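Engineer: Please find upload03.cif (mmCIF, C-alpha atoms) on the next line:
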```
data_target
loop_
_atom_site.label_atom_id
_atom_site.label_comp_id
_atom_site.auth_asym_id
_atom_site.auth_seq_id
_atom_site.Cartn_x
_atom_site.Cartn_y
_atom_site.Cartn_z
CA MET Q 1 31.69 35.41 -19.78
CA SER Q 2 29.40 33.06 -21.70
CA SER Q 3 30.53 30.07 -19.57
CA ARG Q 4 29.70 32.05 -16.40
CA LYS Q 5 26.23 32.80 -17.80
CA SER Q 6 25.62 29.17 -18.70
CA LYS Q 7 26.74 28.11 -15.20
CA SER Q 8 24.30 30.52 -13.54
CA SER Q 9 21.44 29.44 -15.83
CA ASN Q 10 22.23 25.77 -15.01
CA LEU Q 11 22.07 26.58 -11.30
CA ILE Q 12 18.70 28.32 -11.76
CA GLN Q 13 17.41 25.33 -13.78
CA THR Q 14 18.59 22.93 -11.03
CA ASP Q 15 16.81 25.06 -8.43
CA TYR Q 16 13.53 24.99 -10.42
CA VAL Q 17 13.72 21.21 -10.90
CA SER Q 18 14.35 20.59 -7.18
CA GLN Q 19 11.39 22.87 -6.30
CA VAL Q 20 9.14 21.01 -8.75
CA GLN Q 21 10.18 17.66 -7.28
CA ARG Q 22 9.59 18.86 -3.71
CA ILE Q 23 6.10 20.25 -4.48
CA LEU Q 24 4.97 17.17 -6.42
CA ARG Q 25 6.46 14.63 -4.00
CA GLU Q 26 4.60 16.29 -1.11
CA ARG Q 27 1.42 16.05 -3.17
CA PHE Q 28 1.95 12.39 -4.13
CA CYS Q 29 2.78 11.37 -0.54
CA HIS Q 30 -0.32 13.20 0.81
CA GLN Q 31 1.90 15.46 2.92
CA SER Q 32 0.51 18.61 1.31
CA PRO Q 33 -2.67 19.79 3.08
CA HIS Q 34 -3.64 21.83 0.00
CA GLY Q 35 -4.28 18.82 -2.27
CA ASN Q 36 -7.66 18.42 -3.98
CA LEU Q 37 -10.26 15.81 -3.09
CA PHE Q 38 -11.61 13.91 -6.09
CA GLY Q 39 -15.18 12.59 -6.29
CA VAL Q 40 -15.83 12.65 -2.52
CA GLN Q 41 -17.27 16.16 -2.05
CA ILE Q 42 -20.63 14.92 -0.65
CA GLN Q 43 -18.91 12.61 1.87
CA TYR Q 44 -16.50 15.41 2.80
CA LYS Q 45 -19.37 17.85 3.48
CA HIS Q 46 -21.15 15.24 5.62
CA LEU Q 47 -17.99 14.54 7.69
CA VAL Q 48 -17.15 18.23 8.25
CA GLU Q 49 -20.74 18.91 9.38
CA LEU Q 50 -20.54 16.01 11.84
CA LEU Q 51 -17.19 17.19 13.28
CA LYS Q 52 -18.47 20.75 13.64
CA ARG Q 53 -21.46 19.53 15.64
CA THR Q 54 -19.04 17.91 18.10
CA ALA Q 55 -16.47 20.72 18.21
CA ILE Q 56 -18.82 23.72 18.31
CA HIS Q 57 -22.12 22.44 19.76
CA GLY Q 58 -20.70 19.74 22.09
CA GLU Q 59 -22.73 16.94 20.45
CA SER Q 60 -21.23 13.42 20.61
CA ASN Q 61 -21.10 11.46 17.35
CA SER Q 62 -19.73 8.25 15.87
CA VAL Q 63 -19.15 7.36 12.22
CA LEU Q 64 -17.41 4.72 10.11
CA ILE Q 65 -15.54 5.62 6.91
CA ILE Q 66 -15.48 2.48 4.74
CA GLY Q 67 -13.59 2.04 1.49
CA PRO Q 68 -10.90 -0.09 -0.21
CA ARG Q 69 -7.21 0.63 0.41
CA GLY Q 70 -6.03 3.69 -1.49
CA SER Q 71 -9.54 5.17 -1.84
CA GLY Q 72 -8.65 8.29 0.17
CA LYS Q 73 -10.07 7.62 3.66
CA THR Q 74 -7.09 9.13 5.51
CA MET Q 75 -6.90 12.06 3.09
CA LEU Q 76 -10.63 12.75 3.62
CA ILE Q 77 -10.33 12.87 7.43
CA ASN Q 78 -7.13 14.98 7.25
CA HIS Q 79 -8.84 17.56 5.01
CA ALA Q 80 -11.91 17.62 7.26
CA LEU Q 81 -9.78 18.13 10.40
CA LYS Q 82 -7.81 20.88 8.65
CA GLU Q 83 -11.01 22.76 7.79
CA LEU Q 84 -12.32 22.25 11.34
CA MET Q 85 -9.14 23.65 12.90
CA GLU Q 86 -9.46 26.80 10.77
CA VAL Q 87 -12.79 27.66 12.45
CA GLU Q 88 -12.29 30.43 14.99
CA GLY Q 89 -11.93 29.22 18.59
CA VAL Q 90 -11.88 25.50 17.68
CA SER Q 91 -8.14 24.75 17.36
CA GLU Q 92 -7.32 25.63 21.02
CA ASN Q 93 -10.43 23.90 22.37
CA VAL Q 94 -10.64 20.56 20.47
CA LEU Q 95 -8.31 17.64 21.24
CA GLN Q 96 -7.42 14.89 18.77
CA VAL Q 97 -6.44 11.29 19.52
CA HIS Q 98 -5.10 9.15 16.65
CA LEU Q 99 -5.03 5.38 17.22
CA ASN Q 100 -4.06 2.62 14.79
CA GLY Q 101 -5.13 -1.02 15.12
CA LEU Q 102 -1.73 -2.17 13.81
CA LEU Q 103 0.14 -0.29 16.58
CA GLN Q 104 -2.25 -0.40 19.54
CA ILE Q 105 -2.69 -4.17 19.56
CA ASN Q 106 -4.48 -4.34 22.92
CA ASP Q 107 -6.55 -2.04 25.13
CA LYS Q 108 -3.77 -1.44 27.66
CA ILE Q 109 -1.42 -0.05 24.97
CA ALA Q 110 -4.31 1.96 23.47
CA LEU Q 111 -5.09 3.54 26.87
CA LYS Q 112 -1.43 4.49 27.38
CA GLU Q 113 -1.43 6.11 23.93
CA ILE Q 114 -4.65 8.04 24.71
CA THR Q 115 -3.06 9.28 27.96
CA ARG Q 116 0.08 10.37 26.10
CA GLN Q 117 -1.78 12.16 23.30
CA LEU Q 118 -4.02 13.99 25.77
CA ASN Q 119 -0.92 15.05 27.77
CA LEU Q 120 -2.34 13.55 30.97
CA GLU Q 121 0.65 11.45 32.13
CA ASN Q 122 1.17 13.79 35.13
CA VAL Q 123 -2.52 13.66 36.10
CA VAL Q 124 -2.67 9.84 36.04
CA GLY Q 125 0.68 9.47 37.85
CA ASP Q 126 0.77 6.28 39.93
CA LYS Q 127 -3.00 5.95 40.40
CA VAL Q 128 -4.38 2.41 40.38
CA PHE Q 129 -7.74 1.84 38.65
CA GLY Q 130 -10.16 -1.03 39.14
CA SER Q 131 -11.26 -1.26 35.51
CA PHE Q 132 -10.61 0.01 32.02
CA ALA Q 133 -13.86 2.05 32.04
CA GLU Q 134 -12.87 3.70 35.33
CA ASN Q 135 -9.46 4.64 33.92
CA LEU Q 136 -10.94 6.08 30.69
CA SER Q 137 -13.67 8.04 32.50
CA PHE Q 138 -11.00 9.48 34.84
CA LEU Q 139 -8.99 10.66 31.80
CA LEU Q 140 -12.03 12.37 30.29
CA GLU Q 141 -13.00 13.84 33.68
CA ALA Q 142 -9.54 15.40 33.85
CA LEU Q 143 -10.28 17.23 30.59
CA LYS Q 144 -13.29 19.06 32.05
CA LYS Q 145 -12.64 22.73 32.33
CA GLY Q 146 -14.36 25.31 34.56
CA ASP Q 147 -17.81 24.02 35.50
CA ARG Q 148 -18.82 20.42 34.85
CA THR Q 149 -21.24 21.30 32.03
CA SER Q 150 -18.62 22.56 29.58
CA SER Q 151 -15.70 20.27 28.77
CA CYS Q 152 -13.12 19.89 26.02
CA PRO Q 153 -14.45 17.99 22.94
CA VAL Q 154 -12.23 15.04 21.94
CA ILE Q 155 -12.04 13.57 18.42
CA PHE Q 156 -10.91 9.92 18.34
CA ILE Q 157 -9.65 8.69 14.94
CA LEU Q 158 -9.34 4.88 14.90
CA ASP Q 159 -7.42 3.69 11.84
CA GLU Q 160 -7.75 -0.05 10.98
CA PHE Q 161 -10.96 -0.01 13.06
CA ASP Q 162 -11.67 -3.70 12.35
CA LEU Q 163 -8.52 -4.71 14.30
CA PHE Q 164 -9.89 -3.02 17.46
CA ALA Q 165 -12.92 -5.32 17.15
CA HIS Q 166 -10.55 -8.29 17.77
CA HIS Q 167 -9.46 -6.95 21.18
CA LYS Q 168 -10.65 -8.92 24.21
CA ASN Q 169 -14.34 -8.16 24.94
CA GLN Q 170 -14.02 -5.07 22.66
CA THR Q 171 -13.57 -3.05 25.87
CA LEU Q 172 -12.06 0.04 24.22
CA LEU Q 173 -14.80 0.31 21.58
CA TYR Q 174 -17.53 -0.33 24.16
CA ASN Q 175 -16.31 2.41 26.52
CA LEU Q 176 -15.67 4.98 23.79
CA LEU Q 177 -19.10 4.43 22.21
CA ASP Q 178 -20.71 4.36 25.68
CA ILE Q 179 -19.26 7.84 26.37
CA SER Q 180 -20.57 9.05 22.99
CA GLN Q 181 -24.08 7.89 23.98
CA SER Q 182 -24.03 9.42 27.47
CA ALA Q 183 -24.12 13.09 28.44
CA GLN Q 184 -20.46 13.13 29.46
CA THR Q 185 -17.51 14.69 27.62
CA PRO Q 186 -18.45 15.43 23.96
CA VAL Q 187 -16.55 12.97 21.76
CA ALA Q 188 -16.52 12.11 18.05
CA ILE Q 189 -15.41 8.57 17.22
CA ILE Q 190 -14.31 8.13 13.60
CA GLY Q 191 -13.40 4.62 12.46
CA LEU Q 192 -11.51 3.97 9.22
CA THR Q 193 -11.73 0.49 7.75
CA CYS Q 194 -11.66 -1.38 4.43
CA ARG Q 195 -14.04 -4.14 5.60
CA LEU Q 196 -17.64 -3.91 4.42
CA ASP Q 197 -18.76 -6.47 7.05
CA ILE Q 198 -17.39 -4.42 9.94
CA LEU Q 199 -20.72 -4.23 11.81
CA GLU Q 200 -20.87 -8.04 11.87
CA LEU Q 201 -17.62 -8.05 13.88
CA LEU Q 202 -19.05 -5.85 16.66
CA GLU Q 203 -20.60 -7.37 19.79
CA LYS Q 204 -24.27 -6.69 20.42
CA ARG Q 205 -23.60 -4.25 23.30
CA VAL Q 206 -21.06 -2.32 21.13
CA LYS Q 207 -23.31 -2.29 18.07
CA SER Q 208 -26.26 -0.92 20.07
CA ARG Q 209 -24.16 2.08 21.17
CA PHE Q 210 -22.90 2.87 17.66
CA SER Q 211 -24.83 5.53 15.69
CA HIS Q 212 -24.76 3.36 12.51
CA ARG Q 213 -23.58 6.33 10.43
CA GLN Q 214 -21.41 5.10 7.55
CA ILE Q 215 -19.55 7.03 4.87
CA HIS Q 216 -18.63 4.85 1.88
CA LEU Q 217 -15.75 5.78 -0.41
CA MET Q 218 -15.76 3.93 -3.71
CA ASN Q 219 -13.55 5.04 -6.60
CA SER Q 220 -16.42 5.55 -9.02
CA PHE Q 221 -14.89 8.04 -11.45
CA SER Q 222 -14.68 7.41 -15.21
CA PHE Q 223 -11.55 7.42 -17.39
CA PRO Q 224 -11.99 11.07 -18.58
CA GLN Q 225 -12.14 12.08 -14.88
CA TYR Q 226 -9.07 9.91 -14.20
CA LEU Q 227 -7.25 11.75 -17.01
CA LYS Q 228 -8.27 15.08 -15.49
CA ILE Q 229 -6.90 13.94 -12.10
CA PHE Q 230 -3.63 12.96 -13.84
CA LYS Q 231 -3.31 16.52 -15.24
CA GLU Q 232 -4.22 18.18 -11.93
CA GLN Q 233 -1.78 16.03 -9.96
CA LEU Q 234 1.15 16.80 -12.29
CA SER Q 235 0.40 20.50 -12.85
CA LEU Q 236 2.32 23.17 -10.95
CA PRO Q 237 0.37 25.70 -8.84
CA SER Q 238 -0.04 29.32 -9.96
CA VAL Q 239 2.07 30.46 -6.97
CA PHE Q 240 5.21 28.74 -8.36
CA PRO Q 241 8.01 31.38 -8.21
CA GLU Q 242 9.12 31.09 -11.85
CA LYS Q 243 6.03 31.68 -14.01
CA ILE Q 244 7.69 30.93 -17.40
CA PHE Q 245 9.02 27.52 -16.22
CA ALA Q 246 5.62 26.68 -14.65
CA GLU Q 247 3.82 27.53 -17.92
CA LYS Q 248 6.21 25.32 -19.92
CA TRP Q 249 5.78 22.47 -17.39
CA ASN Q 250 1.96 22.71 -17.45
CA GLU Q 251 1.96 22.89 -21.25
CA ASN Q 252 4.09 19.72 -21.34
CA VAL Q 253 1.61 18.01 -18.95
CA GLN Q 254 -1.28 19.00 -21.27
CA ASN Q 255 0.61 17.52 -24.26
CA LEU Q 256 1.28 14.32 -22.29
CA SER Q 257 -2.42 13.90 -21.48
CA GLU Q 258 -3.17 14.09 -25.23
CA ASP Q 259 -0.37 11.67 -26.21
CA ARG Q 260 -1.71 8.30 -27.43
CA SER Q 261 0.98 6.12 -25.75
CA VAL Q 262 0.47 7.95 -22.40
CA ARG Q 263 -3.28 7.41 -22.65
CA GLU Q 264 -2.71 3.69 -23.22
CA VAL Q 265 -0.49 3.51 -20.11
CA LEU Q 266 -3.13 5.36 -18.05
CA GLN Q 267 -5.94 3.20 -19.46
CA ASN Q 268 -4.07 0.02 -18.42
CA HIS Q 269 -3.49 1.51 -14.97
CA PHE Q 270 -7.15 2.54 -14.70
CA ASN Q 271 -8.35 -0.94 -15.73
CA VAL Q 272 -6.16 -2.64 -13.09
CA SER Q 273 -6.82 -0.25 -10.21
CA LYS Q 274 -8.79 2.98 -9.99
CA ASN Q 275 -7.23 4.06 -6.71
CA LEU Q 276 -5.13 7.21 -6.71
CA ARG Q 277 -2.33 5.61 -4.67
CA SER Q 278 -1.25 3.50 -7.68
CA LEU Q 279 -1.47 6.60 -9.93
CA HIS Q 280 0.73 8.53 -7.47
CA MET Q 281 3.22 5.64 -7.50
CA LEU Q 282 3.37 5.79 -11.32
CA LEU Q 283 3.85 9.58 -11.31
CA MET Q 284 6.48 9.39 -8.54
CA LEU Q 285 8.59 6.93 -10.57
CA ALA Q 286 8.27 9.17 -13.67
CA LEU Q 287 9.18 12.26 -11.60
CA ASN Q 288 12.37 10.57 -10.38
CA ARG Q 289 13.69 10.70 -13.95
CA VAL Q 290 13.47 14.52 -14.09
CA THR Q 291 16.93 16.15 -13.89
CA PRO Q 292 18.34 19.61 -14.84
CA SER Q 293 19.46 18.13 -18.20
CA HIS Q 294 16.04 16.41 -18.64
CA PRO Q 295 13.69 18.98 -17.01
CA PHE Q 296 10.31 17.70 -18.29
CA ILE Q 297 8.52 14.35 -18.01
CA THR Q 298 8.24 12.55 -21.36
CA ALA Q 299 5.98 9.73 -22.60
CA ALA Q 300 9.01 7.37 -22.47
CA ASP Q 301 9.44 8.17 -18.73
CA LEU Q 302 5.83 7.22 -18.03
CA MET Q 303 6.10 4.02 -20.07
CA GLU Q 304 9.24 2.99 -18.17
CA ALA Q 305 7.56 3.86 -14.85
CA ASN Q 306 4.59 1.69 -15.88
CA GLN Q 307 6.94 -1.24 -16.58
CA LEU Q 308 8.46 -0.83 -13.10
CA CYS Q 309 4.97 -0.71 -11.52
CA SER Q 310 3.77 -3.83 -13.32
CA MET Q 311 7.00 -5.78 -12.87
CA ASP Q 312 6.58 -9.40 -11.84
CA SER Q 313 8.25 -9.93 -8.46
CA LYS Q 314 8.61 -13.71 -8.91
CA GLY Q 315 10.16 -13.18 -12.35
CA ASN Q 316 12.69 -10.82 -10.74
CA ILE Q 317 13.64 -13.51 -8.20
CA VAL Q 318 14.38 -15.94 -11.07
CA HIS Q 319 16.94 -13.46 -12.51
CA GLY Q 320 19.07 -13.94 -9.39
CA LEU Q 321 19.09 -17.77 -9.39
CA SER Q 322 22.05 -19.96 -10.27
CA VAL Q 323 22.10 -22.03 -13.49
CA LEU Q 324 21.49 -25.22 -11.44
CA GLU Q 325 18.36 -23.71 -9.87
CA ILE Q 326 17.14 -22.57 -13.30
CA CYS Q 327 17.66 -26.14 -14.57
CA LEU Q 328 15.58 -27.51 -11.67
CA ILE Q 329 12.73 -25.06 -12.44
CA ILE Q 330 12.77 -26.16 -16.11
CA ALA Q 331 12.72 -29.82 -15.00
CA MET Q 332 9.70 -29.08 -12.76
CA LYS Q 333 7.92 -27.33 -15.62
CA HIS Q 334 8.69 -30.30 -17.87
CA LEU Q 335 7.10 -32.64 -15.26
CA ASN Q 336 4.06 -30.34 -15.02
CA ASP Q 337 3.58 -30.54 -18.79
CA ILE Q 338 3.91 -34.33 -18.84
CA TYR Q 339 1.73 -35.07 -15.77
CA GLU Q 340 -0.72 -32.15 -16.27
CA GLU Q 341 0.07 -30.04 -13.20
CA GLU Q 342 0.26 -33.04 -10.85
CA PRO Q 343 2.54 -32.45 -7.82
CA PHE Q 344 6.14 -33.72 -7.99
CA ASN Q 345 8.91 -34.61 -5.51
CA PHE Q 346 12.66 -33.97 -5.45
CA GLN Q 347 13.53 -37.43 -6.77
CA MET Q 348 11.40 -36.92 -9.90
CA VAL Q 349 13.01 -33.52 -10.54
CA TYR Q 350 16.51 -34.95 -9.97
CA ASN Q 351 15.86 -37.80 -12.45
CA GLU Q 352 14.62 -35.30 -15.07
CA PHE Q 353 17.74 -33.16 -14.50
CA GLN Q 354 19.99 -36.24 -14.85
CA LYS Q 355 18.42 -37.07 -18.23
CA PHE Q 356 19.28 -33.57 -19.43
CA VAL Q 357 22.87 -33.80 -18.09
CA GLN Q 358 23.42 -37.13 -19.87
CA ARG Q 359 22.21 -35.65 -23.16
CA LYS Q 360 24.36 -32.51 -22.80
CA ALA Q 361 27.33 -33.86 -20.83
CA HIS Q 362 29.80 -31.68 -22.79
CA SER Q 363 28.21 -28.35 -21.71
CA VAL Q 364 26.48 -28.90 -18.33
CA TYR Q 365 28.33 -29.78 -15.14
CA ASN Q 366 26.89 -32.79 -13.29
CA PHE Q 367 26.36 -31.73 -9.67
CA GLU Q 368 26.28 -34.24 -6.82
CA LYS Q 369 22.88 -35.10 -5.34
CA PRO Q 370 23.35 -33.22 -1.97
CA VAL Q 371 24.24 -30.05 -3.92
CA VAL Q 372 21.11 -30.40 -6.07
CA MET Q 373 19.08 -31.00 -2.89
CA LYS Q 374 20.44 -27.77 -1.41
CA ALA Q 375 19.42 -25.86 -4.55
CA PHE Q 376 15.94 -27.44 -4.35
CA GLU Q 377 15.60 -26.32 -0.70
CA HIS Q 378 16.68 -22.80 -1.68
CA LEU Q 379 13.83 -22.65 -4.22
CA GLN Q 380 11.45 -23.61 -1.41
CA GLN Q 381 12.83 -20.85 0.84
CA LEU Q 382 12.25 -18.32 -1.98
CA GLU Q 383 8.64 -19.62 -2.19
CA LEU Q 384 8.97 -20.52 -5.87
CA ILE Q 385 7.82 -24.02 -4.88
CA ARG Q 386 5.70 -25.05 -1.90
CA PRO Q 387 4.91 -28.35 -0.17
CA MET Q 388 1.42 -29.77 -0.75
CA GLU Q 389 1.03 -30.74 2.91
CA ARG Q 390 2.68 -30.13 6.26
CA THR Q 391 6.02 -31.89 6.68
CA SER Q 392 6.17 -34.59 9.33
CA VAL Q 393 9.37 -35.33 11.27
CA ASN Q 394 9.80 -38.86 9.85
CA ALA Q 395 9.03 -38.02 6.20
CA GLN Q 396 11.88 -38.29 3.70
CA ARG Q 397 12.57 -34.91 2.09
CA GLU Q 398 13.26 -36.48 -1.32
CA TYR Q 399 9.69 -37.78 -1.56
CA GLN Q 400 7.74 -34.84 -0.22
CA LEU Q 401 5.19 -33.64 -2.80
CA MET Q 402 5.71 -30.09 -4.11
CA LYS Q 403 3.94 -27.63 -6.40
CA LEU Q 404 5.58 -25.04 -8.68
CA LEU Q 405 4.35 -21.45 -8.19
CA LEU Q 406 5.57 -20.14 -11.57
CA ASP Q 407 3.75 -20.43 -14.89
CA ASN Q 408 5.24 -21.00 -18.36
CA THR Q 409 5.15 -17.34 -19.40
CA GLN Q 410 6.99 -16.22 -16.26
CA ILE Q 411 9.73 -18.82 -16.81
CA MET Q 412 10.23 -17.91 -20.49
CA ASN Q 413 10.27 -14.14 -19.77
CA ALA Q 414 12.79 -14.66 -16.97
CA LEU Q 415 15.03 -16.85 -19.19
CA GLN Q 416 15.05 -14.22 -21.95
CA LYS Q 417 16.36 -11.63 -19.48
CA TYR Q 418 18.67 -14.04 -17.61
CA PRO Q 419 22.30 -12.91 -18.06
CA ASN Q 420 24.70 -15.44 -19.69
CA CYS Q 421 22.19 -18.28 -19.74
CA PRO Q 422 23.75 -21.36 -21.43
CA THR Q 423 22.29 -21.97 -24.89
CA ASP Q 424 21.59 -25.66 -24.12
CA VAL Q 425 19.56 -24.73 -21.03
CA ARG Q 426 17.55 -22.19 -23.04
CA GLN Q 427 16.91 -24.76 -25.78
CA TRP Q 428 15.85 -27.35 -23.18
CA ALA Q 429 13.34 -24.84 -21.76
CA THR Q 430 11.98 -24.08 -25.24
CA SER Q 431 11.64 -27.76 -26.08
CA SER Q 432 9.79 -28.51 -22.85
CA LEU Q 433 7.49 -25.55 -23.49
CA SER Q 434 7.09 -26.14 -27.22
CA TRP Q 435 3.30 -25.76 -27.01
CA LEU Q 436 3.68 -22.07 -26.03
#
```
Transcribe the structure of this file into structure tokens.

Structural biologist:
Amino acid sequence: MSSRKSKSSNLIQTDYVSQVQRILRERFCHQSPHGNLFGVQIQYKHLVELLKRTAIHGESNSVLIIGPRGSGKTMLINHALKELMEVEGVSENVLQVHLNGLLQINDKIALKEITRQLNLENVVGDKVFGSFAENLSFLLEALKKGDRTSSCPVIFILDEFDLFAHHKNQTLLYNLLDISQSAQTPVAIIGLTCRLDILELLEKRVKSRFSHRQIHLMNSFSFPQYLKIFKEQLSLPSVFPEKIFAEKWNENVQNLSEDRSVREVLQNHFNVSKNLRSLHMLLMLALNRVTPSHPFITAADLMEANQLCSMDSKGNIVHGLSVLEICLIIAMKHLNDIYEEEPFNFQMVYNEFQKFVQRKAHSVYNFEKPVVMKAFEHLQQLELIRPMERTSVNAQREYQLMKLLLDNTQIMNALQKYPNCPTDVRQWATSSLSWL
């Protein structure tokens, strides 16, 4: 009887944990439309007001949302659109077109995407247009409903706006902004970019048609606010089905925020990057460690997640190298120490390696020169070393000047974690880096 009870309680616990993970993952990946906006309330109010003027009063507008990556530009526009669509009579009347500069790499592809998102493939059919402007104006004309004075407002969201400025003659931007200036279909053009000099990229005719409205998002919150965000992001909502579990979880989150080691981790994170995307990454890694047998996040989980976030990618590459390749990296570092960071070539590295082999002939296998050359080329492919200048066809590979892209600390840290590293190789590295 008791085993049956424990089984059912384990199942309930598993169910709670999976629900917690689902709710928090949706929040961290910005898939939840109910998430909170932090420190951008003024900008949010401004954007919603602007969208309402287009959607309800038929007034054309254009605006740029500028901010560094991870500052919440996409989240801001998604929240604003969600609020707009909740206004009575707007959702069935307003059309949205989402374009991305990374996907729509030229105006032809962008126009096809606009046609698809406006569901006008059947209207366009096999018609042939003389120009881009003619094609776009035909699309917007097709959206007019009833009499010509009232037509469907269209909201264009252009992600990676700066990439559209590199299109030939900036035709798409010119025509969209031209429509926003004329008394045609009401449109709102919202550009999202991380470039502060975006207006400098626009042609004179495009710039003159832009409203010059800009919304700047800068992560300007302090550490106490950052700590508050940490608590809010990890806390479970009041509507969570199991109130007792939710209270325990939220109490644990409160204790974590007061823990000294957690605060140190968050302070380091805050000093490196204030953006919430990196905080979400940290919390996501910590959340992955939650299981039915370990139902609450601990300080150790956050510390381990922080180590994963701040892990050195080049150091990780070194862990997977062969002993020969490790020896070549140590030889390069030895040359850097002797010649004060001057570039080296393969022959110099090979000679240094040979000196080591002769000293330690009993423990290190002496590889043939072509094998060592192959290992050297592999290090170049992994971008741990790079050539100082472009390689010419006639140049001898052995004498091409190279530079090492690892520093002493990275090499020593990688060697400490390197599995089954020969003692002689480790001692050689320590001797060559004795000044550390």

Engineer: Run through the PyMOL selection byres ((chain Q and resi 169) around 12) on the given coordinates and return the selected residues as a PyMOL selection string.

Structural biologist: chain Q and resi 106-107+132+164-168+170-175+201-206

Engineer: How far is it from CA of Asp312 (chain Q) to CA of Gln410 (chain Q), in Å with one decimal?

Structural biologist: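 Interatomic distance, CA of Asp312 (chain Q) to CA of Gln410 (chain Q): 8.1 Å.
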
Engineer: I need the output of the PyMOL selection byres ((chain Q and resi 57) around 12) for this file as JSON, numbers by chain; which residues are they?

Structural biologist: {"Q": [49, 50, 51, 52, 53, 54, 55, 56, 58, 59, 60, 61, 90, 94, 150, 151, 152, 153, 185, 186, 187, 188]}

Engineer: Hey, can you spit out that residue selection with C-alpha atoms as an mmCIF file, keeping the file's coordinate frame?

Structural biologist:
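Saved to out04.cif:
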```
data_model
loop_
_atom_site.group_PDB
_atom_site.id
_atom_site.type_symbol
_atom_site.label_atom_id
_atom_site.label_comp_id
_atom_site.auth_asym_id
_atom_site.auth_seq_id
_atom_site.Cartn_x
_atom_site.Cartn_y
_atom_site.Cartn_z
ATOM 1 C CA GLU Q 49 -20.740 18.910 9.380
ATOM 2 C CA LEU Q 50 -20.540 16.010 11.840
ATOM 3 C CA LEU Q 51 -17.190 17.190 13.280
ATOM 4 C CA LYS Q 52 -18.470 20.750 13.640
ATOM 5 C CA ARG Q 53 -21.460 19.530 15.640
ATOM 6 C CA THR Q 54 -19.040 17.910 18.100
ATOM 7 C CA ALA Q 55 -16.470 20.720 18.210
ATOM 8 C CA ILE Q 56 -18.820 23.720 18.310
ATOM 9 C CA GLY Q 58 -20.700 19.740 22.090
ATOM 10 C CA GLU Q 59 -22.730 16.940 20.450
ATOM 11 C CA SER Q 60 -21.230 13.420 20.610
ATOM 12 C CA ASN Q 61 -21.100 11.460 17.350
ATOM 13 C CA VAL Q 90 -11.880 25.500 17.680
ATOM 14 C CA VAL Q 94 -10.640 20.560 20.470
ATOM 15 C CA SER Q 150 -18.620 22.560 29.580
ATOM 16 C CA SER Q 151 -15.700 20.270 28.770
ATOM 17 C CA CYS Q 152 -13.120 19.890 26.020
ATOM 18 C CA PRO Q 153 -14.450 17.990 22.940
ATOM 19 C CA THR Q 185 -17.510 14.690 27.620
ATOM 20 C CA PRO Q 186 -18.450 15.430 23.960
ATOM 21 C CA VAL Q 187 -16.550 12.970 21.760
ATOM 22 C CA ALA Q 188 -16.520 12.110 18.050
#
```

Engineer: Please identify all polymer residues within 10 Å of Phe270 (chain Q), counting only C-alpha atoms, omitting same-chain residues fewer than 4 positions from it, and present them as a list in words.

Structural biologist: Ser222, Phe223, Tyr226, Leu227, Glu264, Val265, Leu266, Lys274, Asn275, Leu276, Ser278 and Leu279 of chain Q

Engineer: Just say which residues the PyMOL selection byres ((chain Q and resi 74-86) around 10) picks in this file, as number ranges by chain.

Structural biologist: Q: 30-31, 33-38, 40-41, 43-52, 55-56, 65, 69-73, 87-94, 96, 155, 157, 159, 190, 192, 217

Engineer: To one decimal place in Å, what is the distance between CA of Ser313 (chain Q) and CA of Tyr399 (chain Q)?

Structural biologist: 28.7 Å

Engineer: Suppose you want the space between CA of Ala414 (chain Q) and CA of Ser261 (chain Q); what is it in Å?

Structural biologist: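 Atom-to-atom, CA of Ala414 (chain Q) and CA of Ser261 (chain Q) are spaced 25.5 Å apart.
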
Engineer: Could you give me the axis-aligned bounding box of region 181-199 of chain Q, with 4 Å of padding per side, as centre plus edge lengths in Å to one decimal, as JSON?

Structural biologist:
```
{"center_x": -17.8, "center_y": 4.5, "center_z": 16.9, "size_x": 20.6, "size_y": 29.9, "size_z": 33.0}
```

Engineer: For Gln13 (chain Q), which residue out of Q:Leu324, Q:Leu302, Q:Leu285, Q:Ile244 is the nearest one, using only C-alpha atoms?

Structural biologist: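 With only C-alpha atoms as the atom set, the closest residue is Q:Ile244.
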
Engineer: Pull the neighbourhood of (-7.7, 12.8, 19.5) for me: all residues within 6 Å in file coordinates, counting all atoms listed in the file, as a short mmCIF file (atom, residue, chain, number, x, y, z; two decimals) with C-alpha atoms, keeping the file's coordinate frame.

Structural biologist:
```cif
data_model
loop_
_atom_site.label_atom_id
_atom_site.label_comp_id
_atom_site.auth_asym_id
_atom_site.auth_seq_id
_atom_site.Cartn_x
_atom_site.Cartn_y
_atom_site.Cartn_z
CA LEU Q 95 -8.31 17.64 21.24
CA GLN Q 96 -7.42 14.89 18.77
CA VAL Q 97 -6.44 11.29 19.52
CA HIS Q 98 -5.10 9.15 16.65
CA VAL Q 154 -12.23 15.04 21.94
CA ILE Q 155 -12.04 13.57 18.42
CA PHE Q 156 -10.91 9.92 18.34
#
```

Engineer: Have a look at Q:Gln21, Q:Asn345, Q:Ser322, Q:Gln400 and name the one nearest to His378 (chain Q); count all atoms listed in the file.

Structural biologist: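 Under the stated criterion, the closest residue is Q:Ser322.
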
Engineer: Which residues, written as a list of chain:residue names, have at least one atom at most 6 Å from Ile385 (chain Q), with all atoms listed in the file counted and residues fewer than 2 positions away on the same chain left out?

Structural biologist: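 Skipping anything fewer than 2 positions along the chain leaves Q:Gln380, Q:Glu383, Q:Lys403, Q:Leu404, Q:Leu405.
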
Engineer: Please, could you write that set of residues out with C-alpha atoms as a compact mmCIF listing (two decimals), in the frame of the given file?

Structural biologist:
```txt
# COMPACT_ATOMS: atom_id res chain seq x y z
CA GLN Q 380 11.45 -23.61 -1.41
CA GLU Q 383 8.64 -19.62 -2.19
CA LYS Q 403 3.94 -27.63 -6.40
CA LEU Q 404 5.58 -25.04 -8.68
CA LEU Q 405 4.35 -21.45 -8.19
```
